[in-house]
>>> print(open('start.txt').read())   # compact mmCIF, C-alpha atoms
# COMPACT_ATOMS: atom_id res chain seq x y z
CA MET A 120 107.89 81.67 83.13
CA ALA A 121 105.96 80.19 86.07
CA THR A 122 105.88 76.45 86.29
CA ALA A 123 102.62 74.62 85.65
CA LYS A 124 102.52 73.57 89.30
CA SER A 125 102.78 77.12 90.64
CA GLU A 126 100.22 78.44 88.16
CA ASN A 127 97.73 75.74 89.07
CA SER A 128 98.21 76.30 92.80
CA ALA A 129 97.63 80.03 92.45
CA MET A 130 94.50 79.53 90.37
CA LYS A 131 93.21 76.99 92.88
CA VAL A 132 93.35 79.43 95.79
CA ALA A 133 91.69 82.13 93.71
CA SER A 134 88.51 80.04 93.59
CA ASP A 135 88.08 80.16 97.38
CA SER A 136 88.03 83.16 99.71
CA THR A 137 90.03 81.11 102.24
CA LEU A 138 93.57 81.12 100.91
CA ASP A 139 95.90 78.14 101.02
CA VAL A 140 98.59 80.28 102.58
CA GLU A 141 101.14 77.52 103.03
CA ARG A 142 100.98 76.70 99.34
CA ILE A 143 101.31 80.38 98.51
CA ARG A 144 104.30 80.79 100.83
CA ALA A 145 106.14 78.10 98.88
CA ASP A 146 106.30 80.58 95.99
CA PHE A 147 108.30 83.07 98.11
CA PRO A 148 111.90 81.88 98.67
CA ILE A 149 112.74 84.53 101.25
CA LEU A 150 109.96 83.44 103.60
CA SER A 151 111.81 80.21 104.34
CA MET A 152 114.85 82.05 105.71
CA VAL A 153 116.24 81.36 109.17
CA LEU A 154 117.81 84.34 110.93
CA HIS A 155 120.45 84.83 113.63
CA ALA A 156 121.77 81.25 113.60
CA ARG A 157 125.03 80.68 115.44
CA GLU A 158 127.17 77.69 116.28
CA ASP A 159 125.83 77.61 119.83
CA ARG A 160 122.15 78.05 118.98
CA PRO A 161 119.69 77.53 116.14
CA GLY A 162 118.26 80.47 114.31
CA VAL A 163 114.69 81.72 114.20
CA PRO A 164 112.39 81.68 111.17
CA LEU A 165 111.70 84.95 109.43
CA VAL A 166 108.33 86.51 110.24
CA TYR A 167 108.00 89.32 107.72
CA LEU A 168 105.50 91.94 108.91
CA ASP A 169 106.82 95.05 107.12
CA ASN A 170 104.66 94.83 104.00
CA ALA A 171 103.48 98.44 104.12
CA ALA A 172 107.10 99.42 103.47
CA THR A 173 107.70 96.85 100.73
CA THR A 174 106.51 93.35 99.91
CA GLN A 175 108.40 90.21 99.02
CA ARG A 176 108.45 88.68 95.55
CA PRO A 177 107.31 85.25 94.38
CA ARG A 178 109.46 83.10 92.15
CA GLN A 179 107.22 83.92 89.20
CA VAL A 180 108.12 87.62 89.39
CA ILE A 181 111.79 86.92 90.00
CA GLN A 182 111.86 84.55 87.04
CA SER A 183 110.17 87.09 84.77
CA ILE A 184 113.00 89.52 85.55
CA VAL A 185 115.67 86.88 84.87
CA ASP A 186 113.97 85.81 81.64
CA THR A 187 113.79 89.39 80.39
CA TYR A 188 117.47 90.04 80.98
CA GLU A 189 118.51 86.68 79.57
CA GLN A 190 116.24 86.48 76.53
CA HIS A 191 114.41 89.71 75.68
CA TYR A 192 116.31 92.76 76.88
CA ALA A 193 116.97 95.82 74.71
CA ASN A 194 115.90 99.44 74.82
CA VAL A 195 112.26 100.04 73.93
CA HIS A 196 110.50 102.03 71.20
CA ARG A 197 113.73 102.99 69.45
CA GLY A 198 115.52 100.01 67.97
CA ILE A 199 114.64 98.71 64.55
CA HIS A 200 115.64 95.16 65.37
CA TRP A 201 114.05 91.98 66.70
CA LEU A 202 115.28 92.23 70.28
CA SER A 203 114.00 95.78 70.69
CA ASP A 204 110.65 94.70 69.32
CA GLN A 205 110.52 91.89 71.90
CA SER A 206 111.36 94.22 74.78
CA THR A 207 108.90 96.86 73.58
CA ASP A 208 106.10 94.30 73.31
CA LEU A 209 106.69 93.07 76.86
CA TYR A 210 106.91 96.61 78.23
CA GLU A 211 103.67 97.70 76.56
CA GLU A 212 102.01 94.43 77.54
CA ALA A 213 102.77 95.34 81.15
CA ARG A 214 101.09 98.72 80.62
CA GLY A 215 98.01 96.90 79.39
CA LYS A 216 98.01 94.72 82.51
CA VAL A 217 98.10 97.82 84.72
CA GLN A 218 95.27 99.36 82.71
CA ALA A 219 93.10 96.28 83.22
CA PHE A 220 94.04 95.93 86.91
CA ILE A 221 92.80 99.43 87.78
CA ASN A 222 90.18 99.58 84.99
CA ALA A 223 91.55 102.66 83.26
CA GLN A 224 89.64 103.62 80.14
CA ALA A 225 92.71 103.72 77.89
CA ARG A 226 96.28 102.48 78.03
CA GLU A 227 97.49 106.03 77.32
CA GLU A 228 96.22 107.00 80.77
CA VAL A 229 98.83 104.75 82.39
CA ILE A 230 102.21 106.45 82.83
CA PHE A 231 105.17 104.46 84.11
CA THR A 232 107.30 106.31 86.66
CA HIS A 233 109.90 105.19 89.19
CA GLY A 234 107.44 105.12 92.11
CA THR A 235 104.56 106.81 93.91
CA THR A 236 106.75 109.74 94.94
CA GLU A 237 107.75 110.53 91.37
CA SER A 238 104.16 110.15 90.22
CA ILE A 239 102.97 112.79 92.70
CA ASN A 240 105.84 115.11 91.81
CA LEU A 241 104.98 114.70 88.14
CA VAL A 242 101.46 115.98 88.79
CA ALA A 243 102.71 118.79 91.03
CA ARG A 244 105.04 119.95 88.26
CA GLY A 245 103.17 119.06 85.09
CA TRP A 246 99.72 120.13 86.27
CA GLY A 247 100.43 122.35 89.28
CA ASP A 248 103.01 124.64 87.72
CA LYS A 249 100.72 125.23 84.77
CA PHE A 250 97.34 125.68 86.43
CA VAL A 251 97.77 126.66 90.10
CA GLN A 252 97.74 130.41 90.77
CA PRO A 253 98.45 132.61 93.82
CA GLY A 254 95.69 132.23 96.40
CA ASP A 255 94.50 128.88 95.05
CA GLU A 256 94.05 126.21 97.71
CA ILE A 257 95.26 122.61 97.91
CA LEU A 258 93.58 120.40 100.48
CA LEU A 259 95.56 117.59 102.11
CA THR A 260 94.85 115.53 105.23
CA GLU A 261 96.69 115.13 108.52
CA MET A 262 97.36 111.47 107.78
CA GLU A 263 99.33 111.92 104.55
CA HIS A 264 102.73 110.39 103.82
CA HIS A 265 105.45 112.98 103.28
CA ALA A 266 105.37 112.10 99.57
CA ASN A 267 101.85 113.53 99.44
CA ILE A 268 102.72 116.63 101.45
CA VAL A 269 106.12 117.95 100.43
CA PRO A 270 105.53 118.18 96.63
CA TRP A 271 102.44 120.33 97.32
CA GLN A 272 104.34 122.49 99.79
CA GLN A 273 106.98 123.00 97.13
CA LEU A 274 104.25 123.88 94.62
CA ALA A 275 102.81 126.39 97.10
CA GLU A 276 106.24 128.01 97.43
CA ARG A 277 106.51 128.33 93.66
CA SER A 278 102.95 129.42 92.96
CA GLY A 279 101.70 131.29 96.02
CA ALA A 280 99.01 128.69 96.64
CA VAL A 281 97.73 127.90 100.13
CA ILE A 282 97.93 124.43 101.73
CA ARG A 283 95.07 123.41 104.01
CA PHE A 284 94.71 120.22 106.03
CA LEU A 285 91.63 118.14 106.74
CA PRO A 286 91.95 117.02 110.39
CA ILE A 287 91.48 113.54 111.76
CA THR A 288 89.36 112.35 114.66
CA ASP A 289 90.84 110.88 117.83
CA ASP A 290 90.21 107.36 116.51
CA GLY A 291 92.17 108.04 113.32
CA GLN A 292 89.46 108.73 110.76
CA LEU A 293 88.99 111.80 108.59
CA ALA A 294 86.85 114.53 110.14
CA LEU A 295 84.54 114.78 107.14
CA ASP A 296 82.37 117.41 108.83
CA ALA A 297 85.23 119.87 108.31
CA LEU A 298 84.96 119.53 104.53
CA ASP A 299 82.21 122.15 104.45
CA GLN A 300 84.65 124.78 105.74
CA LEU A 301 87.76 123.55 103.94
CA LEU A 302 86.39 122.97 100.44
CA THR A 303 85.87 126.36 98.82
CA PRO A 304 85.67 127.79 95.28
CA ARG A 305 89.44 128.40 95.60
CA THR A 306 90.20 124.69 96.13
CA ARG A 307 91.97 123.43 93.03
CA LEU A 308 93.06 119.99 94.24
CA VAL A 309 92.35 117.49 97.00
CA ALA A 310 95.26 115.06 97.52
CA VAL A 311 94.33 112.19 99.82
CA THR A 312 95.62 108.76 100.71
CA ALA A 313 93.29 105.83 100.08
CA ILE A 314 94.69 104.01 103.12
CA SER A 315 96.90 105.55 105.80
CA ASN A 316 100.32 103.94 105.90
CA VAL A 317 100.35 104.42 109.69
CA LEU A 318 96.77 104.09 110.89
CA GLY A 319 95.53 101.63 108.28
CA THR A 320 92.40 103.77 107.96
CA ILE A 321 90.43 103.06 104.79
CA ASN A 322 89.21 106.47 103.69
CA PRO A 323 85.77 107.09 102.09
CA LEU A 324 87.12 108.16 98.72
CA GLU A 325 83.71 108.20 97.03
CA VAL A 326 82.49 110.81 99.52
CA ILE A 327 85.63 112.93 99.12
CA VAL A 328 85.54 112.78 95.32
CA ALA A 329 81.87 113.79 95.24
CA ARG A 330 82.42 116.71 97.64
CA ALA A 331 85.44 117.89 95.63
CA ARG A 332 83.43 117.75 92.42
CA ALA A 333 80.87 120.08 93.96
CA VAL A 334 83.49 122.86 94.10
CA GLU A 335 85.10 121.80 90.78
CA ALA A 336 88.32 120.63 92.45
CA LEU A 337 90.45 117.80 91.13
CA VAL A 338 91.32 114.77 93.25
CA LEU A 339 94.62 112.90 93.45
CA VAL A 340 94.57 109.57 95.31
CA ASP A 341 97.72 108.14 96.85
CA ALA A 342 96.87 104.47 96.38
CA ALA A 343 100.24 102.99 97.35
CA GLN A 344 98.64 101.17 100.30
CA SER A 345 95.37 100.25 98.59
CA VAL A 346 96.02 98.97 95.05
CA PRO A 347 97.96 95.91 96.34
CA HIS A 348 95.24 95.02 98.84
CA GLN A 349 91.78 95.77 97.50
CA LYS A 350 89.97 96.17 94.20
CA THR A 351 90.67 99.44 92.40
CA ASP A 352 88.38 100.81 89.69
CA VAL A 353 89.46 104.29 88.66
CA GLN A 354 86.48 104.83 86.40
CA ALA A 355 83.97 103.97 89.12
CA LEU A 356 85.90 106.03 91.67
CA GLY A 357 86.04 109.09 89.44
CA ALA A 358 89.40 110.34 90.74
CA ASP A 359 91.40 112.53 88.38
CA PHE A 360 94.80 111.09 89.31
CA LEU A 361 95.78 107.88 91.11
CA VAL A 362 99.33 106.82 91.97
CA PHE A 363 101.00 103.68 93.31
CA SER A 364 104.27 101.70 93.42
CA GLY A 365 105.25 98.30 92.10
CA HIS A 366 107.39 97.23 95.06
CA LYS A 367 104.41 97.29 97.43
CA MET A 368 102.54 94.74 95.30
CA LEU A 369 105.11 91.96 94.69
CA GLY A 370 106.84 93.85 91.89
CA PRO A 371 110.37 95.25 91.64
CA THR A 372 111.54 98.52 93.08
CA GLY A 373 112.06 101.36 90.63
CA VAL A 374 108.66 101.29 88.95
CA GLY A 375 105.48 103.16 89.77
CA VAL A 376 102.32 104.25 88.03
CA LEU A 377 100.55 107.51 87.46
CA TYR A 378 96.98 107.14 86.25
CA GLY A 379 95.43 110.35 84.98
CA ARG A 380 92.28 111.17 83.04
CA ARG A 381 93.36 111.61 79.46
CA GLU A 382 92.11 115.17 79.02
CA LEU A 383 94.11 116.24 82.06
CA LEU A 384 97.30 114.50 80.92
CA ASP A 385 96.90 116.03 77.47
CA ALA A 386 96.67 119.51 79.01
CA MET A 387 99.68 119.07 81.29
CA SER A 388 103.23 120.09 80.49
CA PRO A 389 105.96 117.42 80.36
CA PHE A 390 107.69 116.96 83.71
CA MET A 391 111.08 116.00 82.22
CA GLY A 392 112.69 116.65 78.89
CA GLY A 393 114.84 114.31 76.82
CA GLY A 394 114.56 111.36 74.51
CA SER A 395 111.26 109.59 73.79
CA MET A 396 109.03 112.38 75.12
CA ILE A 397 109.25 114.43 71.94
CA ARG A 398 107.63 114.35 68.52
CA ARG A 399 110.30 116.61 67.05
CA VAL A 400 113.10 118.91 68.20
CA THR A 401 114.59 121.89 66.38
CA THR A 402 117.01 124.58 67.42
CA ALA A 403 113.98 126.77 68.04
CA GLY A 404 112.12 124.41 70.37
CA PHE A 405 110.36 121.07 70.66
CA GLU A 406 106.96 119.45 70.23
CA PRO A 407 106.04 116.83 72.85
CA ALA A 408 105.04 113.32 71.93
CA GLU A 409 101.60 111.84 72.42
CA LEU A 410 100.64 110.00 75.59
CA PRO A 411 102.05 108.08 77.33
CA ALA A 412 105.52 108.85 75.90
CA LYS A 413 105.03 112.54 76.74
CA PHE A 414 105.77 111.77 80.40
CA GLU A 415 108.32 108.97 79.99
CA ALA A 416 111.50 110.83 79.10
CA GLY A 417 114.70 108.86 78.68
CA THR A 418 115.04 105.12 79.09
CA PRO A 419 112.05 104.01 81.18
CA PRO A 420 112.09 101.31 83.90
CA ILE A 421 111.82 98.54 81.32
CA VAL A 422 112.50 95.41 83.35
CA PRO A 423 110.81 96.69 86.53
CA ALA A 424 107.66 97.41 84.51
CA ILE A 425 107.73 93.91 83.02
CA GLY A 426 108.21 92.53 86.53
CA LEU A 427 105.21 94.57 87.69
CA GLY A 428 103.19 92.94 84.93
CA ALA A 429 104.18 89.51 86.26
CA ALA A 430 103.20 90.62 89.78
CA ILE A 431 99.76 91.64 88.51
CA ASP A 432 99.39 88.22 86.88
CA TYR A 433 100.15 86.60 90.23
CA LEU A 434 97.74 88.83 92.16
CA ASN A 435 95.00 88.13 89.63
CA GLN A 436 95.52 84.38 90.05
CA ILE A 437 95.25 84.65 93.81
CA GLY A 438 92.27 87.02 93.65
CA ILE A 439 92.30 90.54 95.08
CA ASP A 440 89.05 90.03 97.00
CA ALA A 441 90.43 86.91 98.68
CA ILE A 442 93.60 88.84 99.55
CA HIS A 443 91.57 91.61 101.16
CA GLU A 444 89.46 89.18 103.20
CA HIS A 445 92.53 87.31 104.44
CA GLU A 446 94.22 90.53 105.57
CA MET A 447 91.07 91.64 107.40
CA ARG A 448 91.08 88.37 109.33
CA LEU A 449 94.72 88.91 110.28
CA CYS A 450 93.99 92.48 111.35
CA ARG A 451 91.13 91.40 113.58
CA ARG A 452 93.25 88.65 115.12
CA ALA A 453 96.09 91.13 115.76
CA HIS A 454 93.73 93.46 117.60
CA GLU A 455 92.49 90.55 119.71
CA ALA A 456 95.96 89.21 120.52
CA LEU A 457 97.72 92.52 121.11
CA GLY A 458 94.74 94.11 122.83
CA SER A 459 95.27 91.93 125.89
CA ILE A 460 98.73 93.43 126.51
CA ALA A 461 98.54 96.10 129.20
CA GLY A 462 100.11 99.41 128.18
CA LEU A 463 99.73 98.75 124.45
CA ARG A 464 97.90 101.52 122.58
CA PHE A 465 96.58 100.98 119.09
CA LEU A 466 96.79 103.84 116.61
CA GLY A 467 93.86 104.28 114.27
CA PRO A 468 90.33 102.96 114.13
CA ALA A 469 88.77 99.60 114.93
CA PRO A 470 89.56 96.69 112.57
CA GLU A 471 86.34 97.10 110.57
CA HIS A 472 87.54 100.52 109.39
CA LYS A 473 91.12 99.65 108.51
CA SER A 474 93.37 97.53 106.34
CA GLY A 475 96.03 95.02 107.38
CA ILE A 476 98.13 97.69 109.11
CA VAL A 477 98.39 97.63 112.91
CA SER A 478 100.45 100.41 114.48
CA PHE A 479 100.90 100.78 118.21
CA THR A 480 102.90 102.15 121.11
CA LEU A 481 103.90 100.33 124.29
CA ALA A 482 104.12 102.27 127.51
CA GLY A 483 107.69 102.70 128.72
CA VAL A 484 109.29 101.19 125.61
CA HIS A 485 110.55 103.16 122.60
CA ALA A 486 109.40 101.99 119.19
CA HIS A 487 112.99 101.43 118.05
CA ASP A 488 113.65 99.15 121.04
CA ILE A 489 110.53 97.17 120.18
CA ALA A 490 111.64 96.70 116.58
CA GLN A 491 115.17 95.72 117.58
CA LEU A 492 114.00 93.18 120.15
CA LEU A 493 111.36 91.77 117.79
CA ASP A 494 114.13 91.22 115.27
CA ARG A 495 115.79 88.84 117.75
CA HIS A 496 112.62 86.78 117.44
CA GLY A 497 112.95 86.93 113.65
CA ILE A 498 110.02 89.36 113.39
CA ALA A 499 110.43 92.27 110.98
CA VAL A 500 108.31 95.35 111.73
CA ARG A 501 108.71 99.06 111.11
CA ALA A 502 109.53 101.65 113.77
CA GLY A 503 109.72 105.43 113.61
CA HIS A 504 107.45 108.12 112.17
CA HIS A 505 106.87 106.17 108.92
CA CYS A 506 107.33 109.33 106.80
CA ALA A 507 104.28 110.84 108.52
CA MET A 508 105.64 113.36 111.02
CA PRO A 509 102.59 115.66 111.03
CA LEU A 510 100.38 112.67 111.86
CA HIS A 511 102.58 111.58 114.74
CA LYS A 512 102.58 115.14 116.09
CA ARG A 513 98.77 115.12 115.94
CA LEU A 514 98.79 111.83 117.89
CA GLY A 515 101.15 113.29 120.48
CA ILE A 516 103.98 110.82 119.88
CA ASN A 517 107.38 110.86 118.19
CA ALA A 518 107.41 107.28 116.91
CA SER A 519 105.33 104.13 116.68
CA SER A 520 105.75 100.47 115.84
CA ARG A 521 103.95 99.07 112.81
CA ALA A 522 103.09 95.52 111.84
CA SER A 523 101.67 95.25 108.34
CA PHE A 524 100.30 92.08 106.78
CA TYR A 525 99.98 90.61 103.32
CA PHE A 526 98.29 87.50 102.01
CA TYR A 527 101.31 85.27 102.70
CA ASN A 528 101.20 86.01 106.44
CA THR A 529 99.51 83.60 108.83
CA PRO A 530 97.52 83.72 112.09
CA ALA A 531 100.41 81.83 113.70
CA GLU A 532 102.71 84.75 112.86
CA VAL A 533 100.27 87.13 114.52
CA GLU A 534 100.41 84.98 117.65
CA GLN A 535 104.22 85.03 117.53
CA LEU A 536 104.14 88.80 117.37
CA ALA A 537 101.87 89.03 120.42
CA ARG A 538 104.01 86.64 122.47
CA ALA A 539 107.20 88.48 121.55
CA ILE A 540 105.74 91.87 122.53
CA ASP A 541 104.59 90.40 125.82
CA ASP A 542 108.16 89.18 126.40
CA ILE A 543 109.51 92.64 125.62
CA LYS A 544 107.13 94.19 128.10
CA ARG A 545 108.33 91.82 130.84
CA ILE A 546 111.97 92.64 130.05
CA PHE A 547 111.40 96.36 130.48
CA ARG A 548 109.26 95.85 133.57
CA ARG A 549 112.17 94.06 135.23
CA LYS A 550 114.49 96.92 134.27
>>> encode(input="start.txt", output="structure tokens")
Amino acid sequence: MATAKSENSAMKVASDSTLDVERIRADFPILSMVLHAREDRPGVPLVYLDNAATTQRPRQVIQSIVDTYEQHYANVHRGIHWLSDQSTDLYEEARGKVQAFINAQAREEVIFTHGTTESINLVARGWGDKFVQPGDEILLTEMEHHANIVPWQQLAERSGAVIRFLPITDDGQLALDALDQLLTPRTRLVAVTAISNVLGTINPLEVIVARARAVEALVLVDAAQSVPHQKTDVQALGADFLVFSGHKMLGPTGVGVLYGRRELLDAMSPFMGGGSMIRRVTTAGFEPAELPAKFEAGTPPIVPAIGLGAAIDYLNQIGIDAIHEHEMRLCRRAHEALGSIAGLRFLGPAPEHKSGIVSFTLAGVHAHDIAQLLDRHGIAVRAGHHCAMPLHKRLGINASSRASFYFYNTPAEVEQLARAIDDIKRIFRRK
């Protein structure tokens, strides 16, 4: 359980759009780490700017995991004993927290998976294998993560469907004018990221959902980069499926969520077979269970789901709107600070059209060298193609560097990043 002090501090910052970041940082043990210390020199403080890959966890989430293992753990839904009842209650309570956080109409529309990737694959198998026919079309975008490309390519191989891609503009936004040509009566599904994990582009989902509806296509939203950072209301959005991961929003690894409209989930076939997902089994066949058990075969991610529930509690106390505003300020400051470095090229749109993700290239310096040298300064960023190879090909590059912020990052850390990149540039200029 969180201490009274930490709960009060979190609720205090939620009442003001300007976060007390230093007080928040005290809840995250890892952020006080010092790296690369040696006998002949002091270390450097950790500056964690790789939040688009995974976020850190506050003590409250860590403690919820410890408490579950120490006091409440047993398998769920099956045991007829007190400890199983305790574990089941906590697990289903976490489902209710997810339902409220994204404003799903019913708890049965929230399916626990092991991550965004599994959630997308579940839809590709459970819905796609049943309803997609040869010649049907699936519309993706050029900015998708591999997890929202490969499962649909695999479905196309199995079904004979056709994959089409909505292009992006030179400034990293979706070319919405192309929707008129790409959305046809054969389009069965539009799968689109809410926020690009490389460009940071915040996509106009309401427009895309409305245009898809006009041709009676379904919409799946990859919300891995949006649910942790901005308000999500699946009923207002009108998307058919929405997927995200716990580890990108302060929760543990190994747990993700598939939201689906109930009538669609009811019509889908189970993705995996085994225990829990059945009503009855005979030698002649099986009858699947009701939602959500229908898609949660085997032992589910019990403790990770409970940890995700604790993460949602923490995010609610901070306030998702305040989190979003803080990240926008950091993004704008990063563009100002890095924009003065000659040879640095930003990827994606201007700050007003993006989230707290700032990806860039530096002339004459490979992205991997940038990341390695930044690490000497204690600064953790991502380098590579970020599981978005088609996007990097469209941009004409093989790799990029990515700094991604969360609400526990500070303007001072942005300034450290800019100074360190400037140092790296001077090093390579001398070479």
>>> residues_around(input="start.txt", residues="Ala333 (chain A)", least_positions_apart="2", cutoff="10 Å", atoms="all atoms listed in the file", output="list in words")
Leu302, Thr303, Pro304, Val328, Ala329, Arg330, Ala331, Glu335 and Ala336 of chain A
>>> residues_around(input="start.txt", residues="region 212-228 of chain A", least_positions_apart="3", cutoff="7 Å", atoms="all atoms listed in the file", output="list in words")
Asp208, Leu209, Thr351, Asp352, Val353, Gln354, Tyr378, Gly379, Arg380, Arg381, Leu410, Pro411, Ala424, Ile425, Gly428 and Ile431 of chain A
>>> atom_distance(input="start.txt", atom1="CA of His445 (chain A)", atom2="CA of Tyr525 (chain A)")
8.2 Å
>>> closest_atom_pairs(input="start.txt", of="region 478-505 of chain A", to="region 455-458 of chain A", cutoff="12 Å", atoms="only C-alpha atoms", output="tab-separated table")
residue	atom	partner	partner_atom	distance
A:Ser478	CA	A:Leu457	CA	10.7
A:Phe479	CA	A:Leu457	CA	9.3
A:Thr480	CA	A:Leu457	CA	10.9
A:Leu481	CA	A:Leu457	CA	10.5
>>> residues_near_point(input="start.txt", point="(109.5, 114.1, 82.8)", cutoff="7 Å", atoms="only C-alpha atoms", output="list in words")
Pro389, Phe390, Met391, Gly392, Phe414, Glu415 and Ala416 of chain A
>>> atom_distance(input="start.txt", atom1="CA of Glu211 (chain A)", atom2="CA of Thr173 (chain A)")
24.5 Å
>>> closest_residue(input="start.txt", among="A:Gly497, A:Thr288, A:Pro530, A:Ala502", to="Ser151 (chain A)", atoms="all atoms listed in the file")
A:Gly497
>>> atom_distance(input="start.txt", atom1="CA of Ser523 (chain A)", atom2="CA of Ile543 (chain A)")
19.2 Å
>>> residues_around(input="start.txt", residues="His511 (chain A)", least_positions_apart="6", cutoff="12 Å", atoms="only C-alpha atoms", output="list in words")
Glu261, Met262, Glu263, His264, His265, Ile287, Gly291, Asn316, Val317, Leu318, Leu466, Gly467, Ser478, Phe479, Thr480, Gly503, His504, His505, Asn517, Ala518, Ser519 and Ser520 of chain A
>>> write_last_selection(input="start.txt", atoms="C-alpha atoms", output="mmCIF file, keeping the file's coordinate frame")
data_model
loop_
_atom_site.group_PDB
_atom_site.id
_atom_site.type_symbol
_atom_site.label_atom_id
_atom_site.label_comp_id
_atom_site.auth_asym_id
_atom_site.auth_seq_id
_atom_site.Cartn_x
_atom_site.Cartn_y
_atom_site.Cartn_z
ATOM 1 C CA GLU A 261 96.690 115.130 108.520
ATOM 2 C CA MET A 262 97.360 111.470 107.780
ATOM 3 C CA GLU A 263 99.330 111.920 104.550
ATOM 4 C CA HIS A 264 102.730 110.390 103.820
ATOM 5 C CA HIS A 265 105.450 112.980 103.280
ATOM 6 C CA ILE A 287 91.480 113.540 111.760
ATOM 7 C CA GLY A 291 92.170 108.040 113.320
ATOM 8 C CA ASN A 316 100.320 103.940 105.900
ATOM 9 C CA VAL A 317 100.350 104.420 109.690
ATOM 10 C CA LEU A 318 96.770 104.090 110.890
ATOM 11 C CA LEU A 466 96.790 103.840 116.610
ATOM 12 C CA GLY A 467 93.860 104.280 114.270
ATOM 13 C CA SER A 478 100.450 100.410 114.480
ATOM 14 C CA PHE A 479 100.900 100.780 118.210
ATOM 15 C CA THR A 480 102.900 102.150 121.110
ATOM 16 C CA GLY A 503 109.720 105.430 113.610
ATOM 17 C CA HIS A 504 107.450 108.120 112.170
ATOM 18 C CA HIS A 505 106.870 106.170 108.920
ATOM 19 C CA ASN A 517 107.380 110.860 118.190
ATOM 20 C CA ALA A 518 107.410 107.280 116.910
ATOM 21 C CA SER A 519 105.330 104.130 116.680
ATOM 22 C CA SER A 520 105.750 100.470 115.840
#
>>> residues_around(input="start.txt", residues="Ile239 (chain A)", least_positions_apart="4", cutoff="12 Å", atoms="all atoms listed in the file", output="mmCIF file with C-alpha atoms, in the coordinates of the input")
data_model
loop_
_atom_site.group_PDB
_atom_site.id
_atom_site.type_symbol
_atom_site.label_atom_id
_atom_site.label_comp_id
_atom_site.auth_asym_id
_atom_site.auth_seq_id
_atom_site.Cartn_x
_atom_site.Cartn_y
_atom_site.Cartn_z
ATOM 1 C CA ILE A 230 102.210 106.450 82.830
ATOM 2 C CA THR A 232 107.300 106.310 86.660
ATOM 3 C CA HIS A 233 109.900 105.190 89.190
ATOM 4 C CA GLY A 234 107.440 105.120 92.110
ATOM 5 C CA THR A 235 104.560 106.810 93.910
ATOM 6 C CA ALA A 243 102.710 118.790 91.030
ATOM 7 C CA ARG A 244 105.040 119.950 88.260
ATOM 8 C CA GLY A 245 103.170 119.060 85.090
ATOM 9 C CA TRP A 246 99.720 120.130 86.270
ATOM 10 C CA GLY A 247 100.430 122.350 89.280
ATOM 11 C CA HIS A 264 102.730 110.390 103.820
ATOM 12 C CA HIS A 265 105.450 112.980 103.280
ATOM 13 C CA ALA A 266 105.370 112.100 99.570
ATOM 14 C CA ASN A 267 101.850 113.530 99.440
ATOM 15 C CA ILE A 268 102.720 116.630 101.450
ATOM 16 C CA VAL A 269 106.120 117.950 100.430
ATOM 17 C CA PRO A 270 105.530 118.180 96.630
ATOM 18 C CA TRP A 271 102.440 120.330 97.320
ATOM 19 C CA GLN A 273 106.980 123.000 97.130
ATOM 20 C CA LEU A 274 104.250 123.880 94.620
ATOM 21 C CA ALA A 310 95.260 115.060 97.520
ATOM 22 C CA VAL A 311 94.330 112.190 99.820
ATOM 23 C CA THR A 312 95.620 108.760 100.710
ATOM 24 C CA VAL A 338 91.320 114.770 93.250
ATOM 25 C CA LEU A 339 94.620 112.900 93.450
ATOM 26 C CA VAL A 340 94.570 109.570 95.310
ATOM 27 C CA ASP A 341 97.720 108.140 96.850
ATOM 28 C CA ALA A 342 96.870 104.470 96.380
ATOM 29 C CA ALA A 343 100.240 102.990 97.350
ATOM 30 C CA PHE A 360 94.800 111.090 89.310
ATOM 31 C CA LEU A 361 95.780 107.880 91.110
ATOM 32 C CA VAL A 362 99.330 106.820 91.970
ATOM 33 C CA PHE A 363 101.000 103.680 93.310
ATOM 34 C CA SER A 364 104.270 101.700 93.420
ATOM 35 C CA GLY A 375 105.480 103.160 89.770
ATOM 36 C CA VAL A 376 102.320 104.250 88.030
ATOM 37 C CA LEU A 377 100.550 107.510 87.460
ATOM 38 C CA TYR A 378 96.980 107.140 86.250
ATOM 39 C CA GLY A 379 95.430 110.350 84.980
ATOM 40 C CA PHE A 390 107.690 116.960 83.710
#
>>> residues_around(input="start.txt", residues="Ser395 (chain A)", least_positions_apart="4", cutoff="9 Å", atoms="all atoms listed in the file", output="PyMOL selection string")
chain A and resi 196-197+407-408+412-418
>>> write_last_selection(input="start.txt", atoms="C-alpha atoms", output="PDB file, in the frame of the given file")
ATOM      1  CA  HIS A 196     110.500 102.030  71.200  1.00  0.00           C
ATOM      2  CA  ARG A 197     113.730 102.990  69.450  1.00  0.00           C
ATOM      3  CA  PRO A 407     106.040 116.830  72.850  1.00  0.00           C
ATOM      4  CA  ALA A 408     105.040 113.320  71.930  1.00  0.00           C
ATOM      5  CA  ALA A 412     105.520 108.850  75.900  1.00  0.00           C
ATOM      6  CA  LYS A 413     105.030 112.540  76.740  1.00  0.00           C
ATOM      7  CA  PHE A 414     105.770 111.770  80.400  1.00  0.00           C
ATOM      8  CA  GLU A 415     108.320 108.970  79.990  1.00  0.00           C
ATOM      9  CA  ALA A 416     111.500 110.830  79.100  1.00  0.00           C
ATOM     10  CA  GLY A 417     114.700 108.860  78.680  1.00  0.00           C
ATOM     11  CA  THR A 418     115.040 105.120  79.090  1.00  0.00           C
TER      12      THR A 418
END
>>> closest_residue(input="start.txt", among="A:Ala275, A:Ala486, A:Leu150, A:Cys450", to="Glu471 (chain A)", atoms="all atoms listed in the file")
A:Cys450
>>> closest_residue(input="start.txt", among="A:Gly515, A:Gly483, A:Pro347, A:Gly393", to="Asn170 (chain A)", atoms="all atoms listed in the file")
A:Pro347
